[in-house]
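Colleague: Here you go, structure11.txt (compact mmCIF, C-alpha atoms):
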```
# COMPACT_ATOMS: atom_id res chain seq x y z
CA MET A 1 50.79 -67.04 42.56
CA ALA A 2 50.61 -70.07 40.28
CA GLU A 3 48.12 -72.75 39.32
CA SER A 4 48.12 -75.64 36.89
CA ALA A 5 45.36 -77.07 34.77
CA GLY A 6 44.80 -79.35 31.81
CA SER A 7 45.02 -82.98 30.77
CA SER A 8 46.77 -85.09 28.16
CA PRO A 9 46.93 -83.58 24.67
CA ALA A 10 44.22 -84.52 22.22
CA THR A 11 42.81 -83.21 18.99
CA PRO A 12 40.04 -80.67 19.70
CA GLU A 13 36.50 -81.51 18.74
CA GLU A 14 35.03 -79.99 15.59
CA HIS A 15 33.65 -76.49 16.05
CA ILE A 16 30.53 -75.62 14.06
CA VAL A 17 28.76 -72.35 13.48
CA THR A 18 25.40 -72.47 15.23
CA SER A 19 24.19 -69.01 14.28
CA GLU A 20 25.49 -66.08 12.30
CA THR A 21 24.84 -62.36 11.89
CA PRO A 22 26.81 -59.75 9.95
CA GLU A 23 28.63 -58.80 13.16
CA GLN A 24 29.04 -61.95 15.21
CA ALA A 25 28.68 -65.72 15.23
CA SER A 26 28.24 -68.41 17.89
CA PHE A 27 30.40 -71.52 17.89
CA SER A 28 30.16 -74.73 19.85
CA VAL A 29 33.20 -75.97 21.73
CA GLY A 30 32.20 -79.26 23.25
CA LYS A 31 29.21 -78.45 25.44
CA HIS A 32 29.86 -74.73 25.47
CA ILE A 33 28.67 -72.01 23.09
CA HIS A 34 30.91 -69.00 22.52
CA THR A 35 30.17 -65.81 20.64
CA VAL A 36 32.99 -64.50 18.50
CA SER A 37 33.20 -61.03 16.98
CA LEU A 38 33.45 -61.26 13.22
CA SER A 39 35.69 -59.38 10.84
CA GLN A 40 37.41 -60.36 7.62
CA THR A 41 40.10 -61.96 9.74
CA THR A 42 38.02 -63.88 12.26
CA LEU A 43 35.75 -65.99 10.05
CA THR A 44 37.81 -68.98 11.03
CA TRP A 45 35.95 -71.17 13.42
CA GLN A 46 33.45 -72.66 10.97
CA ARG A 47 35.33 -75.94 10.55
CA TYR A 48 37.81 -76.51 13.34
CA ASN A 49 39.41 -79.96 13.15
CA LYS A 50 42.72 -81.58 12.27
CA LYS A 51 42.74 -80.04 8.80
CA SER A 52 42.10 -76.51 10.03
CA ALA A 53 44.61 -76.54 12.88
CA GLY A 54 48.22 -75.57 12.37
CA LYS A 55 50.97 -78.16 12.09
CA ASP A 56 52.53 -76.97 15.35
CA ARG A 57 49.39 -76.64 17.44
CA PRO A 58 50.46 -76.03 21.05
CA ARG A 59 50.04 -78.75 23.67
CA ARG A 60 51.40 -77.07 26.80
CA LEU A 61 51.28 -73.36 27.60
CA LEU A 62 52.76 -71.02 30.16
CA VAL A 63 50.06 -68.44 30.90
CA LEU A 64 51.09 -65.16 32.54
CA ILE A 65 48.34 -62.87 33.83
CA ASN A 66 48.78 -59.24 34.83
CA PRO A 67 46.05 -58.70 37.46
CA VAL A 68 46.18 -54.88 37.36
CA SER A 69 46.58 -53.98 33.68
CA GLY A 70 43.77 -52.18 31.90
CA PHE A 71 40.71 -52.29 34.11
CA SER A 72 42.07 -55.17 36.23
CA THR A 73 39.95 -57.79 34.44
CA GLY A 74 42.72 -60.19 33.37
CA VAL A 75 42.22 -62.86 36.05
CA LYS A 76 38.43 -62.83 35.70
CA LYS A 77 38.45 -63.02 31.91
CA TYR A 78 40.99 -65.80 31.88
CA ARG A 79 39.23 -67.99 34.42
CA ASN A 80 35.70 -67.38 33.13
CA VAL A 81 36.31 -67.26 29.37
CA VAL A 82 39.73 -68.42 28.23
CA ALA A 83 40.47 -71.28 30.65
CA PRO A 84 37.32 -73.27 29.72
CA ILE A 85 38.24 -73.01 26.04
CA PHE A 86 41.80 -74.19 26.65
CA GLU A 87 40.51 -77.00 28.86
CA GLU A 88 38.10 -78.32 26.24
CA ALA A 89 40.82 -78.09 23.62
CA LYS A 90 42.88 -80.39 25.88
CA LEU A 91 45.69 -77.88 26.37
CA GLU A 92 47.85 -78.26 29.45
CA THR A 93 48.52 -74.93 31.15
CA ASP A 94 50.77 -73.55 33.84
CA VAL A 95 49.15 -70.31 35.01
CA ILE A 96 51.05 -67.64 36.92
CA VAL A 97 49.56 -64.34 38.10
CA THR A 98 52.36 -61.76 38.16
CA GLU A 99 52.94 -59.87 41.40
CA LYS A 100 55.08 -56.86 40.47
CA ALA A 101 56.64 -54.89 37.65
CA HIS A 102 59.17 -56.91 35.62
CA HIS A 103 57.96 -60.15 37.23
CA THR A 104 57.46 -61.52 33.71
CA GLU A 105 61.15 -61.07 32.94
CA GLU A 106 62.11 -62.76 36.22
CA ILE A 107 59.91 -65.76 35.43
CA LEU A 108 61.28 -66.16 31.91
CA ALA A 109 64.87 -65.94 33.17
CA THR A 110 64.59 -69.34 34.87
CA TYR A 111 61.48 -71.08 33.49
CA ASP A 112 62.01 -74.37 31.62
CA LEU A 113 61.15 -73.13 28.13
CA LYS A 114 61.66 -76.58 26.64
CA SER A 115 58.64 -77.80 28.62
CA ILE A 116 56.24 -75.50 26.74
CA ASN A 117 55.46 -74.61 23.14
CA GLY A 118 53.49 -71.47 23.80
CA LEU A 119 53.58 -68.41 26.09
CA VAL A 120 50.20 -66.73 26.58
CA ILE A 121 50.09 -63.14 27.83
CA VAL A 122 46.83 -62.09 29.50
CA SER A 123 47.41 -58.36 29.58
CA GLY A 124 48.33 -55.65 27.08
CA ASP A 125 51.26 -54.32 25.11
CA GLY A 126 53.25 -53.57 28.28
CA MET A 127 53.53 -57.22 29.31
CA TYR A 128 54.29 -58.20 25.72
CA HIS A 129 57.20 -55.73 25.87
CA GLU A 130 58.41 -57.32 29.12
CA ALA A 131 58.11 -60.82 27.68
CA ALA A 132 60.05 -59.87 24.55
CA ASN A 133 62.89 -58.38 26.61
CA GLY A 134 62.84 -61.34 28.97
CA LEU A 135 63.13 -63.82 26.10
CA VAL A 136 65.93 -61.85 24.41
CA ARG A 137 67.96 -61.94 27.61
CA ARG A 138 67.15 -65.59 28.28
CA VAL A 139 68.20 -66.71 24.80
CA ALA A 140 71.40 -64.65 25.04
CA THR A 141 72.24 -66.26 28.38
CA ASP A 142 71.51 -69.77 27.10
CA THR A 143 73.75 -69.23 24.06
CA GLY A 144 76.58 -67.50 25.93
CA ASN A 145 75.98 -64.07 24.42
CA ASP A 146 75.75 -60.58 25.90
CA VAL A 147 72.70 -58.45 25.05
CA ASN A 148 74.79 -55.33 25.77
CA ASN A 149 77.14 -56.18 22.88
CA PRO A 150 76.15 -53.93 19.93
CA ASP A 151 77.20 -56.73 17.53
CA TYR A 152 74.84 -59.29 19.08
CA GLU A 153 71.96 -60.28 16.81
CA PRO A 154 69.18 -62.10 18.68
CA PRO A 155 67.79 -65.23 16.99
CA GLU A 156 64.11 -66.12 16.68
CA PHE A 157 62.44 -66.76 20.04
CA PRO A 158 62.13 -70.46 21.00
CA VAL A 159 58.47 -70.14 22.03
CA THR A 160 55.44 -68.61 20.32
CA ILE A 161 53.56 -65.82 22.11
CA GLY A 162 49.78 -65.63 22.32
CA LEU A 163 48.02 -62.45 23.40
CA ILE A 164 44.72 -62.24 25.27
CA PRO A 165 43.81 -58.50 25.12
CA CYS A 166 43.19 -57.28 28.67
CA GLY A 167 45.48 -54.26 28.90
CA THR A 168 45.38 -50.51 28.46
CA GLY A 169 46.87 -50.84 24.98
CA ASN A 170 46.26 -53.98 22.93
CA GLY A 171 47.78 -53.11 19.57
CA ILE A 172 49.78 -56.31 19.19
CA ALA A 173 46.75 -58.48 19.97
CA ARG A 174 44.66 -56.63 17.39
CA ALA A 175 47.40 -57.00 14.79
CA ALA A 176 47.51 -60.77 15.37
CA VAL A 177 43.78 -61.49 15.68
CA GLY A 178 42.02 -58.67 13.87
CA ASN A 179 40.03 -57.32 16.82
CA TYR A 180 40.08 -57.02 20.60
CA ASP A 181 37.87 -60.04 21.26
CA VAL A 182 39.13 -62.33 24.05
CA VAL A 183 37.50 -65.46 22.64
CA SER A 184 38.94 -64.88 19.16
CA ALA A 185 42.38 -64.50 20.74
CA ALA A 186 41.97 -67.78 22.64
CA TYR A 187 41.02 -69.61 19.45
CA SER A 188 44.06 -68.18 17.67
CA VAL A 189 46.26 -69.90 20.25
CA ILE A 190 44.40 -73.20 19.85
CA LEU A 191 44.67 -73.21 16.05
CA GLY A 192 48.43 -72.82 16.25
CA TYR A 193 49.04 -70.68 13.17
CA LYS A 194 51.80 -68.12 13.50
CA TRP A 195 53.28 -64.97 12.10
CA LYS A 196 56.66 -63.50 12.98
CA ASN A 197 56.70 -60.03 14.46
CA ASN A 198 59.68 -57.72 14.24
CA LEU A 199 62.03 -56.83 17.06
CA PHE A 200 64.03 -53.62 17.40
CA ARG A 201 67.02 -52.86 19.63
CA VAL A 202 67.52 -49.41 21.18
CA PHE A 203 71.02 -48.23 22.10
CA SER A 204 71.96 -44.83 23.53
CA ASN A 205 75.39 -43.50 24.39
CA ARG A 206 76.77 -46.93 23.37
CA LYS A 207 74.64 -48.68 26.01
CA LEU A 208 71.60 -50.93 25.63
CA VAL A 209 68.39 -49.16 26.59
CA THR A 210 65.86 -51.88 25.77
CA TYR A 211 64.41 -53.98 22.99
CA LYS A 212 61.19 -52.69 21.51
CA SER A 213 58.33 -54.76 20.18
CA LEU A 214 55.75 -52.11 19.27
CA LEU A 215 56.98 -48.50 18.88
CA SER A 216 59.65 -45.94 19.71
CA GLY A 217 58.74 -42.28 19.96
CA PHE A 218 60.67 -39.09 20.64
CA GLY A 219 59.87 -35.40 21.00
CA LEU A 220 56.12 -34.92 21.39
CA TRP A 221 55.62 -38.66 22.03
CA GLY A 222 58.26 -38.54 24.75
CA ASP A 223 56.63 -35.46 26.26
CA VAL A 224 53.28 -37.27 26.44
CA ILE A 225 54.66 -40.32 28.23
CA TYR A 226 56.78 -38.11 30.56
CA SER A 227 53.75 -36.08 31.67
CA ALA A 228 51.47 -39.14 31.82
CA GLU A 229 53.74 -40.79 34.38
CA MET A 230 53.00 -37.89 36.75
CA ARG A 231 49.29 -38.79 36.55
CA ARG A 232 49.48 -42.49 37.39
CA SER A 233 46.64 -42.04 39.90
CA MET A 234 44.35 -41.47 36.90
CA GLY A 235 44.94 -45.01 35.67
CA VAL A 236 44.29 -45.65 31.97
CA LEU A 237 42.85 -42.17 31.52
CA ARG A 238 46.23 -40.54 32.01
CA TYR A 239 47.27 -41.19 28.40
CA PRO A 240 44.36 -39.59 26.51
CA VAL A 241 44.17 -36.74 29.03
CA THR A 242 47.86 -35.96 28.63
CA LEU A 243 47.73 -36.25 24.84
CA ILE A 244 44.78 -33.82 24.65
CA GLU A 245 46.62 -31.43 26.94
CA ARG A 246 49.80 -31.54 24.84
CA ILE A 247 47.96 -31.02 21.55
CA PHE A 248 45.44 -28.36 22.54
CA PHE A 249 46.94 -26.49 25.48
CA LYS A 250 50.73 -26.72 25.17
CA SER A 251 53.12 -25.38 22.58
CA PHE A 252 54.87 -27.92 20.39
CA ARG A 253 58.51 -28.18 21.40
CA ARG A 254 60.78 -27.70 18.39
CA MET A 255 63.93 -29.79 18.19
CA SER A 256 66.95 -29.50 15.93
CA LEU A 257 67.61 -33.14 15.09
CA THR A 258 70.29 -34.88 13.09
CA LEU A 259 68.69 -38.00 11.64
CA LYS A 260 70.57 -40.87 10.02
CA PHE A 261 68.79 -43.86 8.55
CA ARG A 262 69.38 -46.92 6.40
CA ALA A 263 67.00 -48.92 4.20
CA PRO A 264 67.30 -51.50 1.38
CA PRO A 265 68.12 -49.96 -2.05
CA GLU A 266 64.60 -50.48 -3.40
CA TYR A 267 63.32 -47.81 -0.99
CA SER A 268 65.90 -45.16 -1.90
CA GLU A 269 63.68 -43.25 -4.32
CA SER A 270 60.61 -43.11 -2.08
CA ASN A 271 62.73 -42.10 0.92
CA ASP A 272 64.42 -39.38 -1.11
CA ASN A 273 61.03 -38.08 -2.26
CA ALA A 274 59.79 -37.93 1.33
CA PHE A 275 62.30 -35.19 2.11
CA ARG A 276 61.81 -33.11 -1.00
CA THR A 277 60.59 -29.60 -0.30
CA GLY A 278 56.87 -29.88 -0.86
CA GLY A 279 56.74 -33.54 0.16
CA ARG A 280 55.48 -36.55 -1.77
CA ASP A 281 52.16 -34.96 -2.60
CA THR A 282 53.84 -32.14 -4.57
CA ALA A 283 57.09 -33.79 -5.64
CA GLU A 284 55.61 -34.75 -9.01
CA ASN A 285 53.99 -32.55 -11.61
CA PRO A 286 50.49 -33.26 -12.99
CA GLU A 287 52.01 -35.33 -15.82
CA GLY A 288 53.62 -37.61 -13.25
CA GLU A 289 57.19 -36.63 -14.12
CA SER A 290 59.67 -35.86 -11.36
CA SER A 291 59.97 -32.19 -10.58
CA ALA A 292 63.24 -30.34 -10.24
CA ILE A 293 62.80 -30.07 -6.47
CA LYS A 294 65.80 -31.51 -4.68
CA SER A 295 65.89 -33.58 -1.54
CA ASN A 296 67.72 -32.01 1.39
CA THR A 297 69.33 -35.30 2.48
CA MET A 298 72.98 -36.37 2.23
CA GLN A 299 74.71 -39.73 2.01
CA THR A 300 77.39 -40.58 4.57
CA ALA A 301 80.47 -42.74 4.03
CA ASP A 302 78.89 -45.66 5.89
CA GLY A 303 75.88 -45.71 3.55
CA MET A 304 73.48 -43.93 5.88
CA THR A 305 71.19 -41.13 4.70
CA THR A 306 71.41 -38.05 6.92
CA ILE A 307 69.40 -34.87 7.38
CA THR A 308 69.53 -32.07 9.97
CA GLU A 309 66.53 -29.80 10.50
CA GLU A 310 63.75 -28.94 12.94
CA PHE A 311 61.13 -31.52 13.97
CA ILE A 312 58.61 -31.78 16.78
CA ALA A 313 58.24 -35.57 16.88
CA SER A 314 59.41 -38.91 15.53
CA ILE A 315 57.78 -42.32 15.90
CA CYS A 316 58.63 -45.73 14.48
CA PHE A 317 56.45 -48.83 14.73
CA CYS A 318 57.77 -52.38 14.48
CA ASN A 319 55.70 -53.04 11.36
CA PRO A 320 54.95 -50.73 8.43
CA PHE A 321 51.67 -48.82 8.65
CA LYS A 322 50.48 -50.13 5.30
CA SER A 323 51.08 -53.73 6.36
CA ILE A 324 49.04 -53.21 9.51
CA ASN A 325 46.19 -51.86 7.43
CA GLN A 326 46.26 -54.01 4.30
CA VAL A 327 46.36 -57.44 5.96
CA PHE A 328 42.81 -56.78 7.14
CA ILE A 329 41.33 -55.74 3.80
CA GLN A 330 43.34 -57.63 1.19
CA PRO A 331 43.34 -61.41 1.80
CA GLY A 332 46.32 -61.96 -0.50
CA TYR A 333 48.46 -59.08 0.76
CA GLN A 334 51.97 -60.03 1.88
CA PRO A 335 53.27 -57.63 4.55
CA GLU A 336 56.68 -55.99 4.34
CA THR A 337 59.13 -57.62 6.71
CA THR A 338 62.56 -56.08 6.07
CA VAL A 339 61.71 -52.47 6.96
CA SER A 340 59.39 -50.38 9.05
CA ASP A 341 58.09 -46.83 8.85
CA LEU A 342 59.73 -43.89 10.55
CA LEU A 343 57.24 -41.03 10.74
CA LEU A 344 58.57 -37.52 11.38
CA CYS A 345 56.63 -34.38 12.19
CA ARG A 346 57.99 -31.02 11.12
CA PRO A 347 56.83 -27.79 12.84
CA CYS A 348 53.16 -27.31 12.00
CA THR A 349 49.96 -25.65 13.19
CA LYS A 350 47.65 -27.30 15.71
CA MET A 351 45.02 -27.84 13.01
CA GLN A 352 47.52 -29.49 10.68
CA PHE A 353 48.58 -31.84 13.45
CA ILE A 354 44.98 -32.72 14.41
CA LYS A 355 44.13 -33.58 10.79
CA PHE A 356 47.27 -35.69 10.56
CA PHE A 357 46.58 -37.44 13.86
CA ALA A 358 43.07 -38.44 12.72
CA LYS A 359 44.60 -40.21 9.71
CA PHE A 360 47.40 -41.62 11.80
CA ILE A 361 45.23 -43.42 14.36
CA ASN A 362 43.04 -44.90 11.60
CA PHE A 363 45.97 -46.06 9.41
CA SER A 364 44.16 -44.54 6.45
CA ASP A 365 45.44 -45.03 2.89
CA GLU A 366 45.62 -41.26 2.53
CA PHE A 367 47.98 -41.19 5.48
CA THR A 368 50.29 -43.92 4.13
CA GLU A 369 50.26 -42.89 0.47
CA ASN A 370 50.03 -39.08 0.49
CA VAL A 371 52.29 -37.86 3.26
CA ASN A 372 52.92 -34.15 2.81
CA GLU A 373 55.98 -32.09 3.64
CA LYS A 374 54.96 -31.63 7.27
CA PHE A 375 54.90 -35.38 7.96
CA PRO A 376 57.62 -37.22 5.98
CA LEU A 377 57.35 -41.02 6.15
CA VAL A 378 60.46 -43.07 5.34
CA LYS A 379 61.29 -46.78 5.28
CA VAL A 380 64.07 -47.80 7.65
CA SER A 381 65.92 -50.89 8.79
CA GLU A 382 67.88 -48.82 11.31
CA TYR A 383 68.12 -45.18 12.29
CA GLU A 384 69.91 -42.77 14.62
CA VAL A 385 68.60 -39.57 16.19
CA THR A 386 70.73 -36.88 17.86
CA LEU A 387 69.28 -33.78 19.51
CA ASN A 388 71.41 -30.73 18.81
CA ASN A 389 71.87 -27.93 21.38
CA ALA A 390 70.38 -29.97 24.24
CA SER A 391 69.43 -28.32 27.54
CA PRO A 392 71.33 -29.19 30.75
CA PRO A 393 70.17 -32.58 32.14
CA ASP A 394 69.30 -31.13 35.57
CA THR A 395 66.59 -28.83 34.16
CA ASP A 396 62.97 -29.75 33.39
CA ALA A 397 63.60 -29.07 29.70
CA GLY A 398 66.70 -31.25 29.80
CA ARG A 399 64.84 -34.11 31.46
CA ARG A 400 62.07 -33.97 28.85
CA GLU A 401 64.61 -33.93 26.05
CA ARG A 402 66.09 -37.16 27.35
CA VAL A 403 62.81 -39.14 27.56
CA MET A 404 62.07 -41.74 24.92
CA ASN A 405 58.73 -43.52 24.57
CA VAL A 406 59.35 -47.23 23.97
CA ASP A 407 56.27 -49.46 23.74
CA GLY A 408 54.32 -46.98 25.84
CA GLU A 409 56.91 -46.84 28.65
CA PRO A 410 59.22 -43.90 29.46
CA TYR A 411 62.95 -44.49 29.14
CA HIS A 412 65.30 -41.81 30.47
CA LEU A 413 68.44 -41.48 28.36
CA GLU A 414 71.81 -40.31 29.65
CA GLU A 415 72.17 -38.16 26.55
CA PRO A 416 69.52 -37.19 23.95
CA ASN A 417 70.74 -39.53 21.22
CA PHE A 418 69.80 -43.08 20.32
CA HIS A 419 70.22 -45.78 17.68
CA VAL A 420 67.44 -48.20 16.69
CA LYS A 421 68.01 -51.36 14.63
CA LEU A 422 65.53 -53.82 13.16
CA PHE A 423 65.75 -57.60 13.57
CA PRO A 424 62.95 -58.90 11.35
CA GLY A 425 60.78 -61.87 12.20
CA ARG A 426 62.25 -62.64 15.62
CA ILE A 427 58.99 -62.94 17.60
CA PRO A 428 56.63 -65.80 16.61
CA VAL A 429 53.07 -64.87 17.55
CA PHE A 430 49.89 -66.95 17.42
CA CYS A 431 47.92 -65.34 14.63
CA ASN A 432 44.66 -65.92 12.76
CA ILE A 433 45.05 -63.79 9.64
CA PRO A 434 45.17 -66.09 6.56
CA SER A 435 47.28 -63.75 4.40
CA VAL A 436 49.92 -63.50 7.13
CA THR A 437 50.05 -67.09 8.37
CA GLY A 438 49.49 -68.85 5.06
CA ARG A 439 46.61 -70.84 6.58
CA PRO A 440 43.78 -71.88 4.26
CA SER A 441 40.86 -69.47 4.12
CA PRO A 442 37.84 -70.80 6.07
CA THR A 443 35.08 -72.61 4.23
CA LYS A 444 31.39 -72.47 5.01
```
Mind converting the file's structure to structure tokens?
Modeller:
Amino acid sequence: MAESAGSSPATPEEHIVTSETPEQASFSVGKHIHTVSLSQTTLTWQRYNKKSAGKDRPRRLLVLINPVSGFSTGVKKYRNVVAPIFEEAKLETDVIVTEKAHHTEEILATYDLKSINGLVIVSGDGMYHEAANGLVRRVATDTGNDVNNPDYEPPEFPVTIGLIPCGTGNGIARAAVGNYDVVSAAYSVILGYKWKNNLFRVFSNRKLVTYKSLLSGFGLWGDVIYSAEMRRSMGVLRYPVTLIERIFFKSFRRMSLTLKFRAPPEYSESNDNAFRTGGRDTAENPEGESSAIKSNTMQTADGMTTITEEFIASICFCNPFKSINQVFIQPGYQPETTVSDLLLCRPCTKMQFIKFFAKFINFSDEFTENVNEKFPLVKVSEYEVTLNNASPPDTDAGRRERVMNVDGEPYHLEEPNFHVKLFPGRIPVFCNIPSVTGRPSPTK
């Protein structure tokens, strides 16, 4: 189902604050008044004119709406909230409501990308994942390359992605805008400022599994997504219900893993410390001098660091945890772009895991700076995981061992091993965080 809207491009009218509170502000857009949630990253609409807009402000957008993601509010929020803003900003739009799974990838396979300078996703992280994979394949096709070739390195995407948060998970939208506010997200697209998100490729058994744009999880995180898929009738509640069940009522499944990873030389010391017996928090004595505790890692001939021991989970996000946190509280902070964080969980008690998880979901400084021996955190540009002594694939245990959580979707591997590689800065995203985009800070 498709519809078109818009008129000839023009510079948007100036947007002025009409009222302000510590939590929100109202802004005029032509004849309309919109309330925008405020944070340290969204105080941006006070002076919106030629000087405040980005150099590459979009003129024509392809808008893809998932009508069933989240609480099925995408179509309503777009038509009632976002479309009027785009219309008054004189943006031309081609709107398509997707009709099935992977429809986004089908659309991007043939759409005239040269006719647009922005792709807006009205959904959540799942559609962003589909769009990223669709664009990787489209660019490979257009340039005569094969995405299944392990030597292929995808270039930067030819269009910038904007995210209107209407899904079950909206982590990418929050990272780009600073909150989950639909109006703030729409204004981020209009302004035209960008940041470049990372892209990872996942191979298993020498075959392409998928490209990831948010996270890749294994072990406990694979168990959660595997069990959640059996509760699809519960809708968005299936994820928290399954997670609570796995943490409180199920035993943690121990895995003997062989982990190999690579990172730039400047991270060698911190990565080595992460695997010292006692962890980072006890690897130094009170005087700050290195202790005699040795790391249990080894270096391979190809320059990879390797370790074999028991874990219950591994998870890697596309951007480092500290970058996700600091861009919101330090205006001048420059995020790391050449690595991401691989977080491992060694066998632990339920209480230890619960305390860790509370820090994990809040991206607390204590979590990023003081990881203890149970939860080593290492910087990686690529990594490999192999499960030792795997169960037969036709058993329930074997099936669980071969499930990988990629961007919140289950991927069933032929064998329980995989390789993940980072391609930094491949996904341009409309963003409104001054420290990330380089845009001038707003003035009152």
Colleague: Just how far from CA of Phe252 in chain A is CA of Val380 in chain A, in Å to one decimal?
Modeller: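 Computing the Euclidean distance for CA of Val380 in chain A and CA of Phe252 in chain A yields 25.3 Å.
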Colleague: Under the rule that only C-alpha atoms are counted, which of A:Pro240, A:Gly222, A:Pro58, A:Pro150 is the nearest residue to Val420 in chain A?
Modeller: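 Closest residue, counting only C-alpha atoms: A:Pro150.
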Colleague: CA of Val159 in chain A to CA of Asn405 in chain A: how many Å, to one decimal?
Modeller: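 Going from CA of Val159 in chain A over to CA of Asn405 in chain A, I get 26.7 Å.
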Colleague: What is the distance between CA of Val136 in chain A and CA of Tyr180 in chain A, in Å to one decimal?
Modeller: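 About the pair CA of Val136 in chain A and CA of Tyr180 in chain A: they are 26.6 Å apart.
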Colleague: Which residue, A:Ala390, A:Val189, A:Leu220, A:Ala274, has the smallest gap to Leu62 in chain A when you use all atoms listed in the file?
Modeller: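 Answer, going by the shortest atom-to-atom distance: A:Val189.
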Colleague: Would you list the contacts of Arg246 in chain A as a ChimeraX atom specification, taking every protein, DNA or RNA residue within 12 Å and counting all atoms listed in the file, but skipping same-chain residues closer than 2 positions in sequence?
Modeller: /A:219-228,239-244,248-253,312,350,353-354
Colleague: Using all atoms listed in the file, find the one residue out of A:Glu245, A:Glu106, A:Glu156, A:Glu92 that sits nearest to Glu130 in chain A.
Modeller: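 Between A:Glu245, A:Glu106, A:Glu156, A:Glu92, the residue approaching Glu130 in chain A most closely is A:Glu106.
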Colleague: Nearest to Pro158 in chain A: which of A:Ser216, A:Leu237, A:Arg426, A:Val82 is it, counting all atoms listed in the file?
Modeller: A:Arg426
